Every structure is written in structure tokens, then in C-alpha cells.
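Worksheet: the structure to be examined is printed underneath.
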Amino acid sequence: MTAVSDGMAGARGAPAGKGAAVGGDVQRGWFPVDAERHRRDAPRYCPGCAAALSLAEGGQGLTTEYWTGQDRVFVCFCGACGWSGDIVLADRVVGHEAAD
């Protein structure tokens with residue numbers, strides 16, 4: 001049984017975060033899980049020139065994330081080639097073949 005499912009308070013009597021599982025960092029709610037998803041899913045390389053975007057990997061880029069409804073959008077800038085744009089994560093892509 002979790003604090004979310006039965007409405008009980010989290011650790012030390014603090015209210016449980018919305019959607020947070022009991023245990024670990026209950027006080028911070030969704031943040032640790034979301035930060036890990038960002039680290040895992042953020043674009044690592046520029047789509048224009050393939051240079052690393054992350055400063056930690058020697059890149060000169062910038063990547064930030066925002067949400068539009070259910071979509072996760074990464075705004076990217078590459079300092080190596082000047083490319084900038086949005087990268088939207090998708091669960092599924094439906095395409096078509098061009099007519100011959």
C-alpha cells in the first residue's frame with residue numbers, strides 16, 4: 001500500500017507528493033524520478049553536426065526540457081555549428097511512403 005493510494009502521509013508526517021512512491025526521497029515528490037528521466041532522454045549530440053551538446057562531455061551546447069500536454073520537448077542549441085531547435089520525444093511515429 002502506498003501513501004498515494006490510501007491518502008496517508010509520507011515520511012515524518014509530511015504529505016506525500018502526487019504520484020510519488022513511498023520510500024526514498026518522498027519529500028521531493030516527483031523531482032528525483034523526473035531528473036533521472038531528463039538525464040536519460042536528453043539529446044547528447046547535435047542533429048546538425050554531431051558535436052556533443054553537454055558541457056560534461058566536452059560540448060558547447062545547451063539543452064533544456066519543457067512539457068506541452070503529454071509531450072516532452074527538448075530545446076537545444078549547438079555552440080559548435082549554431083544549430084538550434086526543438087526535439088520532441090514520441091512514443092510512436094506513424095509515417096507514409098511517397099507514391100512512386
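Just so we're on the same page: first chain in the C-alpha cells is A, next is B, and so on; residues restart at 1 for each chain, and ligands are numbered from 1 in the order they show up.
Summary of the local environment: counting only C-alpha atoms, residues at most 10 Å from Asp86 in chain A, other than itself and those fewer than 2 positions away along its chain, are Thr63, Thr64, Glu65, Val73, Phe74, Val75, Cys76, Phe77, Ser84, Val88 and Leu89 of chain A.
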Check your understanding: If we count only C-alpha atoms, what is near Arg44 in chain A at a cut-off of 12 Å, once residues fewer than 2 positions away on the same chain are taken out, given as a ChimeraX atom specification?
Key -> /A:38-42,46-47,49-64,74,76-78,87
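When CA of Trp83 in chain A is paired with CA of Gly69 in chain A, their separation reads 25.6 Å.
Of note, CA of Pro43 in chain A and CA of Glu97 in chain A are spaced 27.1 Å apart.
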